[in-house]
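Content type mmCIF, C-alpha atoms and all ligand atoms, from the file final_1.cif:
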data_final
#
loop_
_atom_site.label_atom_id
_atom_site.label_comp_id
_atom_site.auth_asym_id
_atom_site.auth_seq_id
_atom_site.Cartn_x
_atom_site.Cartn_y
_atom_site.Cartn_z
CA MET A 1384 -6.35 25.98 -31.43
CA THR A 1385 -3.89 23.13 -31.90
CA ALA A 1386 -1.42 21.78 -29.41
CA GLN A 1387 1.45 24.27 -29.05
CA GLY A 1388 -0.17 26.35 -31.75
CA SER A 1389 1.05 24.00 -34.47
CA PRO A 1390 -1.56 23.19 -37.11
CA GLN A 1391 0.10 19.88 -38.04
CA THR A 1392 0.11 18.22 -34.62
CA GLY A 1393 -3.56 17.55 -34.00
CA ASN A 1394 -6.68 16.61 -35.88
CA ASN A 1395 -10.12 18.19 -36.06
CA LEU A 1396 -11.41 16.34 -33.02
CA ASP A 1397 -8.39 16.28 -30.77
CA PRO A 1398 -5.66 18.90 -30.99
CA TRP A 1399 -3.40 16.73 -28.82
CA TYR A 1400 -3.73 13.66 -31.04
CA HIS A 1401 -0.03 13.40 -31.93
CA HIS A 1402 1.16 14.07 -28.41
CA TYR A 1403 -0.12 10.94 -26.71
CA ALA A 1404 2.29 8.24 -25.59
CA GLU A 1405 2.31 5.22 -27.85
CA ARG A 1406 0.64 3.11 -25.18
CA ALA A 1407 -2.43 5.38 -25.27
CA ALA A 1408 -3.21 4.00 -28.72
CA GLY A 1409 -4.54 0.89 -26.95
CA LEU A 1410 -7.13 3.04 -25.17
CA ARG A 1411 -9.84 3.24 -27.78
CA ALA A 1412 -13.56 3.38 -27.14
CA SER A 1413 -15.09 0.23 -28.54
CA GLU A 1414 -17.29 0.59 -31.58
CA VAL A 1415 -20.26 -0.63 -29.59
CA ARG A 1416 -19.87 1.89 -26.78
CA ALA A 1417 -22.29 4.39 -28.29
CA LEU A 1418 -24.87 1.65 -28.67
CA PHE A 1419 -24.49 0.73 -25.03
CA ALA A 1420 -25.31 4.32 -24.08
CA VAL A 1421 -28.63 3.77 -25.86
CA ALA A 1422 -28.93 0.33 -24.30
CA SER A 1423 -28.98 1.83 -20.82
CA ARG A 1424 -32.37 3.41 -21.54
CA PRO A 1425 -35.02 1.80 -19.31
CA GLU A 1426 -37.09 0.42 -22.19
CA VAL A 1427 -34.14 -1.65 -23.39
CA VAL A 1428 -33.63 -5.08 -21.79
CA SER A 1429 -29.90 -5.11 -21.35
CA LEU A 1430 -28.28 -8.52 -21.30
CA ALA A 1431 -25.03 -6.74 -22.00
CA GLY A 1432 -23.57 -5.40 -18.77
CA GLY A 1433 -22.01 -7.17 -15.82
CA MET A 1434 -23.60 -5.11 -13.08
CA PRO A 1435 -24.26 -7.04 -9.86
CA PHE A 1436 -27.83 -6.84 -8.58
CA VAL A 1437 -26.98 -4.70 -5.56
CA ALA A 1438 -30.67 -4.19 -4.76
CA ALA A 1439 -30.53 -7.68 -3.20
CA LEU A 1440 -28.32 -6.22 -0.48
CA PRO A 1441 -30.43 -4.83 2.38
CA PRO A 1442 -29.43 -1.13 2.67
CA ASP A 1443 -29.50 -1.35 6.47
CA LEU A 1444 -26.54 -3.70 6.47
CA VAL A 1445 -24.45 -1.03 4.79
CA ILE A 1446 -25.97 1.92 6.63
CA ASN A 1447 -25.31 0.27 10.00
CA ALA A 1448 -21.71 -0.52 9.09
CA MET A 1449 -21.14 3.03 7.83
CA GLY A 1450 -22.70 4.56 10.96
CA ARG A 1451 -20.59 2.44 13.28
CA VAL A 1452 -17.41 3.23 11.38
CA MET A 1453 -18.07 6.96 11.53
CA ARG A 1454 -19.01 6.90 15.21
CA GLU A 1455 -16.13 4.73 16.34
CA GLN A 1456 -13.32 5.35 13.83
CA GLY A 1457 -14.34 8.54 12.01
CA PRO A 1458 -10.95 10.29 11.84
CA THR A 1459 -9.19 7.11 10.67
CA ALA A 1460 -11.88 6.41 8.06
CA LEU A 1461 -11.53 9.92 6.64
CA GLN A 1462 -7.73 9.87 6.60
CA TYR A 1463 -5.15 8.48 4.16
CA GLY A 1464 -4.13 4.97 5.09
CA SER A 1465 -1.50 2.37 4.36
CA GLY A 1466 -0.59 1.62 0.73
CA GLN A 1467 -1.06 -2.05 1.49
CA GLY A 1468 -4.52 -1.70 3.00
CA VAL A 1469 -6.09 -1.79 6.47
CA PRO A 1470 -4.51 -4.66 8.49
CA VAL A 1471 -7.76 -5.89 10.02
CA LEU A 1472 -9.41 -6.11 6.61
CA ARG A 1473 -6.43 -8.01 5.23
CA GLU A 1474 -6.92 -10.55 8.04
CA GLN A 1475 -10.62 -10.84 7.16
CA ILE A 1476 -9.77 -11.31 3.49
CA LEU A 1477 -7.90 -14.45 4.58
CA GLU A 1478 -11.22 -15.82 5.90
CA VAL A 1479 -12.91 -15.06 2.59
CA MET A 1480 -10.16 -16.79 0.61
CA ALA A 1481 -10.18 -19.78 2.99
CA LEU A 1482 -13.64 -20.59 1.57
CA GLU A 1483 -11.84 -21.45 -1.67
CA GLY A 1484 -9.06 -23.45 -0.05
CA ILE A 1485 -6.45 -20.70 0.20
CA ARG A 1486 -4.10 -20.57 3.18
CA ALA A 1487 -2.07 -17.37 3.29
CA HIS A 1488 -0.61 -14.65 5.46
CA ALA A 1489 -2.14 -11.17 5.72
CA ASP A 1490 1.33 -9.75 4.93
CA ASP A 1491 0.96 -11.04 1.40
CA VAL A 1492 -2.39 -9.34 0.75
CA VAL A 1493 -2.51 -5.94 -0.93
CA VAL A 1494 -5.85 -4.14 -0.96
CA THR A 1495 -6.55 -2.42 -4.27
CA THR A 1496 -9.18 -0.15 -5.76
CA GLY A 1497 -11.21 -3.06 -7.10
CA SER A 1498 -9.51 -6.05 -8.66
CA GLN A 1499 -9.42 -4.00 -11.84
CA HIS A 1500 -6.72 -1.89 -10.26
CA ALA A 1501 -4.81 -5.00 -9.21
CA LEU A 1502 -4.83 -6.05 -12.89
CA GLU A 1503 -3.42 -2.64 -13.77
CA LEU A 1504 -0.69 -2.85 -11.11
CA VAL A 1505 0.41 -6.36 -12.05
CA SER A 1506 0.53 -5.29 -15.70
CA LYS A 1507 2.57 -2.24 -14.81
CA LEU A 1508 5.06 -4.41 -12.94
CA PHE A 1509 5.48 -7.08 -15.59
CA LEU A 1510 4.63 -5.89 -19.09
CA ASP A 1511 7.03 -4.30 -21.55
CA PRO A 1512 6.05 -3.45 -25.12
CA GLY A 1513 5.94 -6.60 -27.26
CA ASP A 1514 5.55 -8.99 -24.30
CA VAL A 1515 2.91 -11.67 -24.55
CA VAL A 1516 0.09 -12.38 -22.12
CA LEU A 1517 -1.51 -15.77 -22.55
CA SER A 1518 -5.20 -15.78 -21.80
CA GLU A 1519 -8.26 -17.84 -22.48
CA GLY A 1520 -10.01 -17.07 -25.75
CA PRO A 1521 -12.43 -15.38 -25.14
CA SER A 1522 -11.32 -13.31 -22.15
CA TYR A 1523 -12.36 -10.44 -19.89
CA VAL A 1524 -12.48 -7.38 -22.09
CA THR A 1525 -11.17 -4.78 -19.64
CA ALA A 1526 -8.17 -6.91 -18.66
CA MET A 1527 -7.21 -6.98 -22.33
CA VAL A 1528 -7.59 -3.21 -22.52
CA ILE A 1529 -5.00 -2.94 -19.74
CA PHE A 1530 -2.62 -5.45 -21.33
CA LYS A 1531 -2.83 -3.58 -24.61
CA SER A 1532 -2.30 -0.26 -22.89
CA TYR A 1533 1.09 -1.63 -21.80
CA GLN A 1534 1.67 -2.55 -25.45
CA ALA A 1535 1.59 -6.26 -24.72
CA GLU A 1536 0.10 -8.81 -27.11
CA VAL A 1537 -2.67 -11.12 -25.99
CA ASP A 1538 -2.33 -14.68 -27.24
CA HIS A 1539 -5.61 -16.55 -26.83
CA VAL A 1540 -5.47 -20.18 -25.76
CA PRO A 1541 -8.64 -22.11 -26.66
CA MET A 1542 -11.02 -23.39 -24.02
CA ASP A 1543 -13.87 -25.89 -23.93
CA GLU A 1544 -16.60 -26.68 -21.42
CA HIS A 1545 -13.93 -27.64 -18.84
CA GLY A 1546 -12.04 -24.38 -19.25
CA LEU A 1547 -8.60 -23.69 -20.70
CA ILE A 1548 -7.21 -26.68 -22.64
CA PRO A 1549 -3.81 -27.74 -21.24
CA GLU A 1550 -2.58 -29.27 -24.49
CA ALA A 1551 -3.38 -26.05 -26.33
CA LEU A 1552 -1.50 -24.11 -23.64
CA ARG A 1553 1.61 -26.24 -24.26
CA GLU A 1554 1.37 -25.59 -28.00
CA HIS A 1555 0.90 -21.86 -27.55
CA ILE A 1556 3.89 -21.59 -25.22
CA LEU A 1557 6.03 -23.34 -27.81
CA SER A 1558 4.82 -21.24 -30.71
CA VAL A 1559 5.09 -17.89 -28.91
CA ARG A 1560 8.62 -18.75 -27.81
CA ALA A 1561 9.54 -20.03 -31.26
CA ALA A 1562 8.58 -16.58 -32.53
CA GLY A 1563 11.15 -15.13 -30.12
CA LYS A 1564 8.60 -13.46 -27.87
CA SER A 1565 8.58 -13.27 -24.11
CA ILE A 1566 5.57 -14.63 -22.19
CA LYS A 1567 5.04 -12.65 -19.01
CA PHE A 1568 2.06 -14.42 -17.49
CA LEU A 1569 -1.00 -16.54 -18.03
CA TYR A 1570 -4.14 -14.55 -17.23
CA THR A 1571 -6.96 -16.90 -16.30
CA ILE A 1572 -10.48 -16.72 -14.86
CA PRO A 1573 -10.98 -20.30 -13.66
CA ASN A 1574 -14.45 -19.91 -12.10
CA PHE A 1575 -17.66 -19.08 -14.00
CA HIS A 1576 -15.60 -17.43 -16.64
CA ASN A 1577 -16.31 -13.95 -17.97
CA PRO A 1578 -17.55 -14.21 -20.71
CA ALA A 1579 -17.61 -17.97 -21.36
CA GLY A 1580 -19.42 -19.07 -18.18
CA VAL A 1581 -17.33 -22.26 -17.87
CA THR A 1582 -15.26 -23.50 -14.92
CA LEU A 1583 -11.79 -24.98 -15.06
CA SER A 1584 -11.82 -28.57 -13.80
CA TRP A 1585 -9.66 -29.58 -10.85
CA ALA A 1586 -7.53 -31.92 -12.96
CA ARG A 1587 -6.82 -29.10 -15.41
CA ARG A 1588 -5.95 -26.69 -12.59
CA VAL A 1589 -3.28 -29.14 -11.47
CA GLU A 1590 -2.03 -29.70 -15.01
CA ILE A 1591 -1.96 -26.03 -15.98
CA LEU A 1592 -0.04 -25.10 -12.85
CA GLU A 1593 2.46 -27.82 -13.65
CA ILE A 1594 2.87 -26.57 -17.24
CA CYS A 1595 3.39 -23.00 -16.00
CA ARG A 1596 5.85 -24.12 -13.32
CA ARG A 1597 7.92 -26.07 -15.86
CA ASN A 1598 7.90 -23.16 -18.27
CA ASP A 1599 8.59 -20.49 -15.69
CA ILE A 1600 5.33 -18.66 -16.36
CA LEU A 1601 3.54 -16.70 -13.66
CA VAL A 1602 -0.21 -17.37 -13.30
CA LEU A 1603 -2.54 -14.43 -12.74
CA GLU A 1604 -5.67 -16.02 -11.29
CA ASP A 1605 -8.64 -13.63 -11.43
CA ASN A 1606 -11.53 -14.86 -9.31
CA PRO A 1607 -14.36 -12.36 -8.88
CA TYR A 1608 -17.19 -14.91 -9.15
CA GLY A 1609 -15.94 -18.01 -7.31
CA LEU A 1610 -18.26 -17.69 -4.30
CA LEU A 1611 -21.31 -17.11 -6.48
CA TYR A 1612 -21.87 -20.77 -7.36
CA PHE A 1613 -25.29 -22.34 -7.87
CA ASP A 1614 -25.42 -26.07 -7.23
CA GLN A 1615 -21.93 -26.90 -6.06
CA PRO A 1616 -18.84 -24.88 -5.24
CA ALA A 1617 -16.14 -24.54 -7.87
CA PRO A 1618 -12.94 -26.50 -7.27
CA ASP A 1619 -10.49 -24.84 -4.88
CA ALA A 1620 -8.51 -21.90 -6.21
CA MET A 1621 -5.31 -22.52 -8.18
CA ARG A 1622 -3.56 -20.48 -5.50
CA SER A 1623 -4.50 -23.19 -2.98
CA LEU A 1624 -2.09 -25.51 -4.84
CA GLU A 1625 0.74 -23.17 -5.64
CA GLN A 1626 2.05 -20.19 -3.68
CA ASP A 1627 5.15 -19.04 -5.49
CA GLY A 1628 3.88 -19.00 -9.05
CA VAL A 1629 0.41 -17.48 -8.64
CA VAL A 1630 -0.83 -13.94 -8.13
CA TYR A 1631 -4.44 -14.31 -7.01
CA LEU A 1632 -7.01 -11.52 -7.41
CA GLY A 1633 -10.20 -11.21 -5.38
CA THR A 1634 -12.86 -8.54 -4.97
CA PHE A 1635 -15.85 -7.50 -2.89
CA SER A 1636 -17.57 -6.15 -6.00
CA LYS A 1637 -19.73 -9.20 -6.68
CA THR A 1638 -20.21 -10.61 -3.19
CA LEU A 1639 -20.98 -7.21 -1.61
CA ALA A 1640 -21.06 -4.18 -3.92
CA PRO A 1641 -18.78 -2.67 -6.57
CA GLY A 1642 -19.42 0.87 -5.33
CA PHE A 1643 -16.89 0.37 -2.54
CA ARG A 1644 -14.18 -0.31 -5.12
CA VAL A 1645 -12.31 -2.73 -2.88
CA GLY A 1646 -10.47 -5.73 -4.23
CA TRP A 1647 -7.15 -7.36 -3.45
CA ALA A 1648 -4.11 -9.20 -4.71
CA LEU A 1649 -2.48 -12.09 -2.88
CA ALA A 1650 1.04 -12.34 -4.21
CA PRO A 1651 4.34 -14.11 -3.55
CA HIS A 1652 6.31 -12.00 -1.10
CA ALA A 1653 8.68 -10.21 -3.50
CA ILE A 1654 5.91 -9.35 -5.95
CA ARG A 1655 3.75 -8.17 -3.05
CA GLU A 1656 6.44 -5.64 -2.03
CA LYS A 1657 6.49 -4.17 -5.52
CA LEU A 1658 2.69 -4.16 -5.67
CA VAL A 1659 2.53 -2.04 -2.52
CA LEU A 1660 4.99 0.46 -3.98
CA ALA A 1661 3.04 0.59 -7.23
CA ASN A 1662 -0.21 0.99 -5.30
CA GLU A 1663 1.23 3.90 -3.32
CA ALA A 1664 2.53 5.51 -6.50
CA ALA A 1665 -0.88 5.20 -8.12
CA VAL A 1666 -3.36 6.05 -5.36
CA LEU A 1667 -1.30 6.68 -2.17
CA SER A 1668 -3.68 4.39 -0.32
CA PRO A 1669 -6.90 2.60 -1.20
CA SER A 1670 -10.00 4.20 0.36
CA SER A 1671 -9.78 3.96 4.16
CA PHE A 1672 -13.50 4.61 4.44
CA SER A 1673 -14.52 1.79 2.09
CA GLN A 1674 -12.13 -0.66 3.69
CA LEU A 1675 -13.32 0.08 7.23
CA VAL A 1676 -16.98 -0.16 6.23
CA ILE A 1677 -16.35 -3.52 4.57
CA SER A 1678 -14.38 -4.68 7.60
CA GLU A 1679 -17.25 -3.67 9.88
CA TYR A 1680 -19.74 -5.39 7.58
CA LEU A 1681 -17.70 -8.59 7.63
CA SER A 1682 -17.49 -8.60 11.41
CA SER A 1683 -21.08 -7.64 12.21
CA ALA A 1684 -23.31 -8.79 9.33
CA ASP A 1685 -24.14 -12.29 8.13
CA TRP A 1686 -21.98 -11.91 5.01
CA LYS A 1687 -22.05 -15.59 4.17
CA GLY A 1688 -25.86 -15.53 4.36
CA GLN A 1689 -25.86 -12.50 2.08
CA ILE A 1690 -23.70 -14.34 -0.45
CA ASN A 1691 -26.28 -17.16 -0.32
CA THR A 1692 -28.98 -14.62 -1.11
CA PHE A 1693 -27.02 -13.40 -4.13
CA ARG A 1694 -26.52 -17.00 -5.25
CA GLY A 1695 -30.26 -17.61 -5.14
CA VAL A 1696 -31.00 -14.45 -7.13
CA TYR A 1697 -28.48 -15.24 -9.85
CA HIS A 1698 -29.41 -18.90 -10.01
CA GLU A 1699 -33.05 -18.02 -10.63
CA ARG A 1700 -32.01 -15.56 -13.35
CA LYS A 1701 -29.72 -18.05 -15.03
CA ASN A 1702 -32.58 -20.56 -15.11
CA ALA A 1703 -34.86 -17.92 -16.60
CA LEU A 1704 -32.31 -17.16 -19.31
CA LEU A 1705 -31.67 -20.79 -20.22
CA SER A 1706 -35.34 -21.71 -20.30
CA ALA A 1707 -36.10 -18.69 -22.50
CA LEU A 1708 -33.27 -19.71 -24.84
CA ASP A 1709 -34.69 -23.24 -24.91
CA GLU A 1710 -38.09 -21.92 -25.75
CA TYR A 1711 -37.35 -19.17 -28.26
CA LEU A 1712 -33.95 -20.01 -29.71
CA PRO A 1713 -33.53 -23.78 -29.44
CA GLU A 1714 -31.27 -23.96 -32.48
CA LEU A 1715 -28.52 -21.91 -30.88
CA THR A 1716 -25.98 -23.41 -28.51
CA TRP A 1717 -24.90 -21.95 -25.19
CA THR A 1718 -22.91 -22.70 -22.08
CA ASN A 1719 -24.64 -23.62 -18.83
CA PRO A 1720 -22.71 -21.89 -16.04
CA ASN A 1721 -22.79 -23.24 -12.52
CA GLY A 1722 -22.26 -19.76 -11.11
CA GLY A 1723 -21.37 -16.19 -11.96
CA PHE A 1724 -23.14 -13.86 -14.36
CA TYR A 1725 -22.66 -14.98 -17.96
CA VAL A 1726 -23.79 -17.33 -20.70
CA TRP A 1727 -21.79 -17.62 -23.94
CA VAL A 1728 -23.95 -18.18 -26.97
CA THR A 1729 -22.95 -19.52 -30.37
CA LEU A 1730 -25.02 -18.33 -33.34
CA PRO A 1731 -25.60 -19.96 -36.72
CA ASP A 1732 -22.39 -19.35 -38.67
CA ARG A 1733 -23.95 -16.92 -41.14
CA LEU A 1734 -24.70 -14.43 -38.40
CA ASP A 1735 -22.40 -11.69 -37.19
CA SER A 1736 -23.23 -10.63 -33.62
CA LYS A 1737 -21.49 -7.29 -33.98
CA ALA A 1738 -23.25 -6.35 -37.20
CA MET A 1739 -26.58 -7.43 -35.71
CA LEU A 1740 -26.30 -5.33 -32.55
CA PRO A 1741 -27.80 -2.06 -33.89
CA ARG A 1742 -30.87 -3.99 -35.00
CA ALA A 1743 -31.12 -5.62 -31.57
CA VAL A 1744 -30.88 -2.30 -29.78
CA LYS A 1745 -33.58 -0.96 -32.08
CA GLU A 1746 -35.72 -3.90 -30.99
CA LEU A 1747 -34.95 -2.92 -27.36
CA VAL A 1748 -32.62 -5.75 -26.39
CA ALA A 1749 -28.85 -5.50 -25.91
CA TYR A 1750 -26.08 -8.09 -25.64
CA THR A 1751 -22.31 -7.95 -25.91
CA PRO A 1752 -20.95 -9.18 -29.24
CA GLY A 1753 -18.33 -11.92 -28.98
CA THR A 1754 -15.75 -9.77 -30.77
CA ALA A 1755 -15.38 -7.66 -27.62
CA PHE A 1756 -13.74 -10.60 -25.86
CA PHE A 1757 -11.03 -11.43 -28.37
CA ALA A 1758 -7.95 -9.33 -29.01
CA ASP A 1759 -7.89 -10.45 -32.65
CA GLY A 1760 -11.41 -9.74 -33.91
CA ASP A 1761 -12.59 -13.33 -33.48
CA GLY A 1762 -15.99 -14.03 -31.90
CA ARG A 1763 -18.42 -12.75 -34.55
CA GLN A 1764 -20.45 -15.89 -34.18
CA ASN A 1765 -20.78 -15.47 -30.43
CA MET A 1766 -22.47 -13.21 -27.95
CA ARG A 1767 -22.32 -12.87 -24.18
CA LEU A 1768 -25.63 -12.74 -22.38
CA SER A 1769 -25.54 -11.48 -18.79
CA PHE A 1770 -28.28 -12.63 -16.47
CA CYS A 1771 -27.11 -10.75 -13.36
CA TYR A 1772 -29.14 -7.56 -13.56
CA PRO A 1773 -32.53 -7.87 -15.29
CA THR A 1774 -35.38 -9.62 -13.51
CA PRO A 1775 -36.38 -13.12 -14.72
CA GLU A 1776 -39.43 -11.58 -16.41
CA HIS A 1777 -37.32 -9.04 -18.28
CA ILE A 1778 -34.85 -11.72 -19.24
CA ARG A 1779 -37.68 -13.64 -20.95
CA ILE A 1780 -38.83 -10.51 -22.74
CA GLY A 1781 -35.27 -9.79 -23.82
CA ILE A 1782 -34.74 -13.28 -25.24
CA ARG A 1783 -38.05 -13.13 -27.07
CA ARG A 1784 -36.98 -9.86 -28.67
CA LEU A 1785 -33.62 -11.35 -29.51
CA ALA A 1786 -35.35 -14.25 -31.23
CA THR A 1787 -37.22 -11.79 -33.44
CA VAL A 1788 -33.99 -9.99 -34.28
CA ILE A 1789 -32.21 -13.20 -35.19
CA ARG A 1790 -35.11 -14.41 -37.31
CA ASP A 1791 -35.25 -11.09 -39.18
CA GLU A 1792 -31.50 -11.07 -39.67
CA LEU A 1793 -31.55 -14.57 -41.14
CA ASP A 1794 -34.47 -13.61 -43.37
CA LEU A 1795 -32.53 -10.64 -44.60
CA LEU A 1796 -29.48 -12.76 -45.32
CA ASP A 1797 -31.65 -15.24 -47.19
CA THR A 1798 -33.24 -12.48 -49.23
CA PHE A 1799 -29.91 -11.03 -50.21
CA ALA A 1800 -28.42 -14.44 -50.85
CA GLY A 1801 -31.29 -14.87 -53.30
CA THR A 1802 -32.23 -18.26 -51.96
CA GLY A 1803 -35.57 -17.18 -50.61
CA SER A 1804 -35.48 -20.30 -48.48
CA LEU A 1805 -36.76 -20.29 -44.96
CA ASN A 1806 -34.03 -20.31 -42.41
CA PRO A 1807 -33.82 -23.25 -39.98
CA LEU A 1808 -34.82 -21.11 -37.01
CA ARG A 1809 -37.86 -19.85 -38.84
CA GLU A 1810 -39.05 -23.38 -39.48
CA ASN A 1811 -39.32 -23.98 -35.79
CA SER A 1812 -42.94 -23.36 -34.90
CA ARG A 1813 -42.25 -21.78 -31.53
CA PHE A 1814 -39.78 -19.53 -33.20
CA SER A 1815 -41.78 -18.54 -36.22
CA SER A 1816 -44.58 -17.01 -34.20
CA PRO A 1817 -43.09 -15.38 -31.14
CA PRO A 1818 -45.70 -14.34 -28.63
CA PRO A 1819 -46.62 -10.68 -28.50
CA ASP A 1820 -44.35 -8.49 -26.50
CA ILE A 1821 -45.86 -7.82 -23.11
CA SER A 1822 -43.74 -4.82 -22.25
C1 LIG B 1 -13.09 -11.21 -14.71
C2 LIG B 1 -13.15 -9.88 -14.03
N1 LIG B 1 -12.06 -9.41 -13.44
C3 LIG B 1 -12.05 -8.23 -12.81
C4 LIG B 1 -13.19 -7.44 -12.76
C5 LIG B 1 -13.12 -6.12 -12.07
O1 LIG B 1 -13.87 -6.09 -10.92
P1 LIG B 1 -13.67 -5.03 -9.76
O2 LIG B 1 -12.64 -4.04 -10.19
O3 LIG B 1 -14.99 -4.41 -9.55
O4 LIG B 1 -13.17 -5.81 -8.59
C6 LIG B 1 -14.37 -7.90 -13.36
C7 LIG B 1 -15.59 -7.07 -13.36
O5 LIG B 1 -16.57 -7.36 -13.97
C8 LIG B 1 -14.35 -9.16 -14.01
O6 LIG B 1 -15.43 -9.67 -14.60
#

How does this structure look as structure tokens?
Amino acid sequence: MTAQGSPQTGNNLDPWYHHYAERAAGLRASEVRALFAVASRPEVVSLAGGMPFVAALPPDLVINAMGRVMREQGPTALQYGSGQGVPVLREQILEVMALEGIRAHADDVVVTTGSQHALELVSKLFLDPGDVVLSEGPSYVTAMVIFKSYQAEVDHVPMDEHGLIPEALREHILSVRAAGKSIKFLYTIPNFHNPAGVTLSWARRVEILEICRRNDILVLEDNPYGLLYFDQPAPDAMRSLEQDGVVYLGTFSKTLAPGFRVGWALAPHAIREKLVLANEAAVLSPSSFSQLVISEYLSSADWKGQINTFRGVYHERKNALLSALDEYLPELTWTNPNGGFYVWVTLPDRLDSKAMLPRAVKELVAYTPGTAFFADGDGRQNMRLSFCYPTPEHIRIGIRRLATVIRDELDLLDTFAGTGSLNPLRENSRFSSPPPDIS
């Protein structure tokens, strides 16, 4: 059967193929998705996903909060709520944001179904086909999926170990405008960047805000990881410096648990009004139950202590990852994040992280190829390694397997290049005889 009985409208796999809106063309499963399905098998060490280690959250903290909510506010928790979110939770969100220097009013907070949904709503409000979103290169993959689904173009501004480079931002603004295109906002992840792991310095925060102010560009500051620092806190949020030109996104996904699906946007007043209307149109109201449980958790549990626990867990895992890289893959380069979940690795330039992934999965280790984080196919020489979920021991095993994969890949390239020469990694004694796999 084809759509409307017409044999020409569909294809063999999807009879509705020609009926989709143009914007649905941006919604394509990535080529590595099937591999990730395999990578979720327990024997694979996955350094690919960004799943928080929720097992570090004592279940009683959640069970107690849920019980109290149901006993004391059951009918409200099970009912529809306000499109803007539960007022008491919006007040508590102010306390969370105050930890990163933000002073705001609860009226300007909109609770969303995770910060992912806030990204969707902001995009819906601002993006027309052909508009440009400036973002770091690389950038958060699922934000780019949304931007593309609104038929916007992503223009990547380079970054270095101090985050987005202001001078490059100036140049990109000029060149995008010279091409007659409209820039709708700068999407940035200033803290413990996903995927790059770097943090935007304070001086650059000030400078970038000034550039955006002068050029009339809204800043979309996405900050899921800011409170998960290791040695020292990140600089205060960009929103702490600028109220009118920043939409700030926060979430409870990484500091509590993503299963609640509760995040928020803090927006200038006029944008906030439109966000509430868009939120209502999309979901009527964010989950009353989740919001009340989180509110109860924030008022009765030691949430700051719990964030400290998470910090300790992730810090230990980051150290395990970096020391394994030092030991097994010393010739590669990588970022050293002071928080968050991710390390960005640069491979020898002959390697292609995307092409190498099937071999890695076969060797029971998974990573995310750098190409996933660029809108333009860049990133073949990079990979993102996540240290949030596997234990330190598994991280070591995973890196040891990865070392074998990289060595074999370089050998293969050498063989086909006809040089027969040993690759530089192979010449390293630690590398050339990886210890036996203990798993
Ligand atoms: C940079 C960034 N933004 C937003 C999100 C979405 O988080 P959530 O919708 O769970 O709040 C994530 C999740 O990994 C992320 O890494």

Have a look at A:Pro1669, A:Gly1781, A:Gly1646, A:Gly1563 and name the one nearest to ligand LIG 1 (chain B); count only C-alpha atoms and all ligand atoms.
-> A:Gly1646

Around range 1630-1645 of chain A, fit a box with edges along x, y and z, padding it by 8 Å on each side, then list its centre and edge lengths in Å to one decimal as JSON.
{"center_x": -10.9, "center_y": -6.7, "center_z": -4.9, "size_x": 36.2, "size_y": 31.2, "size_z": 22.5}

Neighbours of Leu1734 in chain A within 10 Å (all atoms listed in the file; same-chain residues fewer than 4 positions away dropped), as a list of chain:residue names?
->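 Contacts, with the query itself left out: A:Thr1729, A:Leu1730, A:Ala1738, A:Met1739, A:Arg1763, A:Gln1764, A:Asn1765, A:Ile1789, A:Glu1792, A:Leu1793, A:Leu1796.
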
Show me, as JSON lines, the residues of chain A having an atom within 7 Å of ligand LIG 1 (chain B), each with the closest atom pair and its distance in Å, using only C-alpha atoms and all ligand atoms.
{"residue": "A:Gly1433", "atom": "CA", "partner": "B:LIG1", "partner_atom": "O5", "distance": 5.7}
{"residue": "A:Thr1496", "atom": "CA", "partner": "B:LIG1", "partner_atom": "O2", "distance": 6.8}
{"residue": "A:Gly1497", "atom": "CA", "partner": "B:LIG1", "partner_atom": "O2", "distance": 3.5}
{"residue": "A:Ser1498", "atom": "CA", "partner": "B:LIG1", "partner_atom": "O4", "distance": 3.7}
{"residue": "A:Gln1499", "atom": "CA", "partner": "B:LIG1", "partner_atom": "O2", "distance": 3.6}
{"residue": "A:His1500", "atom": "CA", "partner": "B:LIG1", "partner_atom": "O2", "distance": 6.3}
{"residue": "A:Tyr1523", "atom": "CA", "partner": "B:LIG1", "partner_atom": "C1", "distance": 5.3}
{"residue": "A:Ala1526", "atom": "CA", "partner": "B:LIG1", "partner_atom": "N1", "distance": 7.0}
{"residue": "A:Ile1572", "atom": "CA", "partner": "B:LIG1", "partner_atom": "C1", "distance": 6.1}
{"residue": "A:His1576", "atom": "CA", "partner": "B:LIG1", "partner_atom": "C1", "distance": 7.0}
{"residue": "A:Asn1577", "atom": "CA", "partner": "B:LIG1", "partner_atom": "C1", "distance": 5.3}
{"residue": "A:Asp1605", "atom": "CA", "partner": "B:LIG1", "partner_atom": "N1", "distance": 5.8}
{"residue": "A:Asn1606", "atom": "CA", "partner": "B:LIG1", "partner_atom": "C1", "distance": 6.7}
{"residue": "A:Pro1607", "atom": "CA", "partner": "B:LIG1", "partner_atom": "C2", "distance": 5.8}
{"residue": "A:Gly1633", "atom": "CA", "partner": "B:LIG1", "partner_atom": "O4", "distance": 6.9}
{"residue": "A:Thr1634", "atom": "CA", "partner": "B:LIG1", "partner_atom": "O4", "distance": 4.5}
{"residue": "A:Phe1635", "atom": "CA", "partner": "B:LIG1", "partner_atom": "O4", "distance": 6.5}
{"residue": "A:Ser1636", "atom": "CA", "partner": "B:LIG1", "partner_atom": "O3", "distance": 4.7}
{"residue": "A:Pro1641", "atom": "CA", "partner": "B:LIG1", "partner_atom": "O3", "distance": 5.1}
{"residue": "A:Arg1644", "atom": "CA", "partner": "B:LIG1", "partner_atom": "O3", "distance": 6.1}
{"residue": "A:Val1645", "atom": "CA", "partner": "B:LIG1", "partner_atom": "O4", "distance": 6.5}
{"residue": "A:Gly1646", "atom": "CA", "partner": "B:LIG1", "partner_atom": "O4", "distance": 5.1}
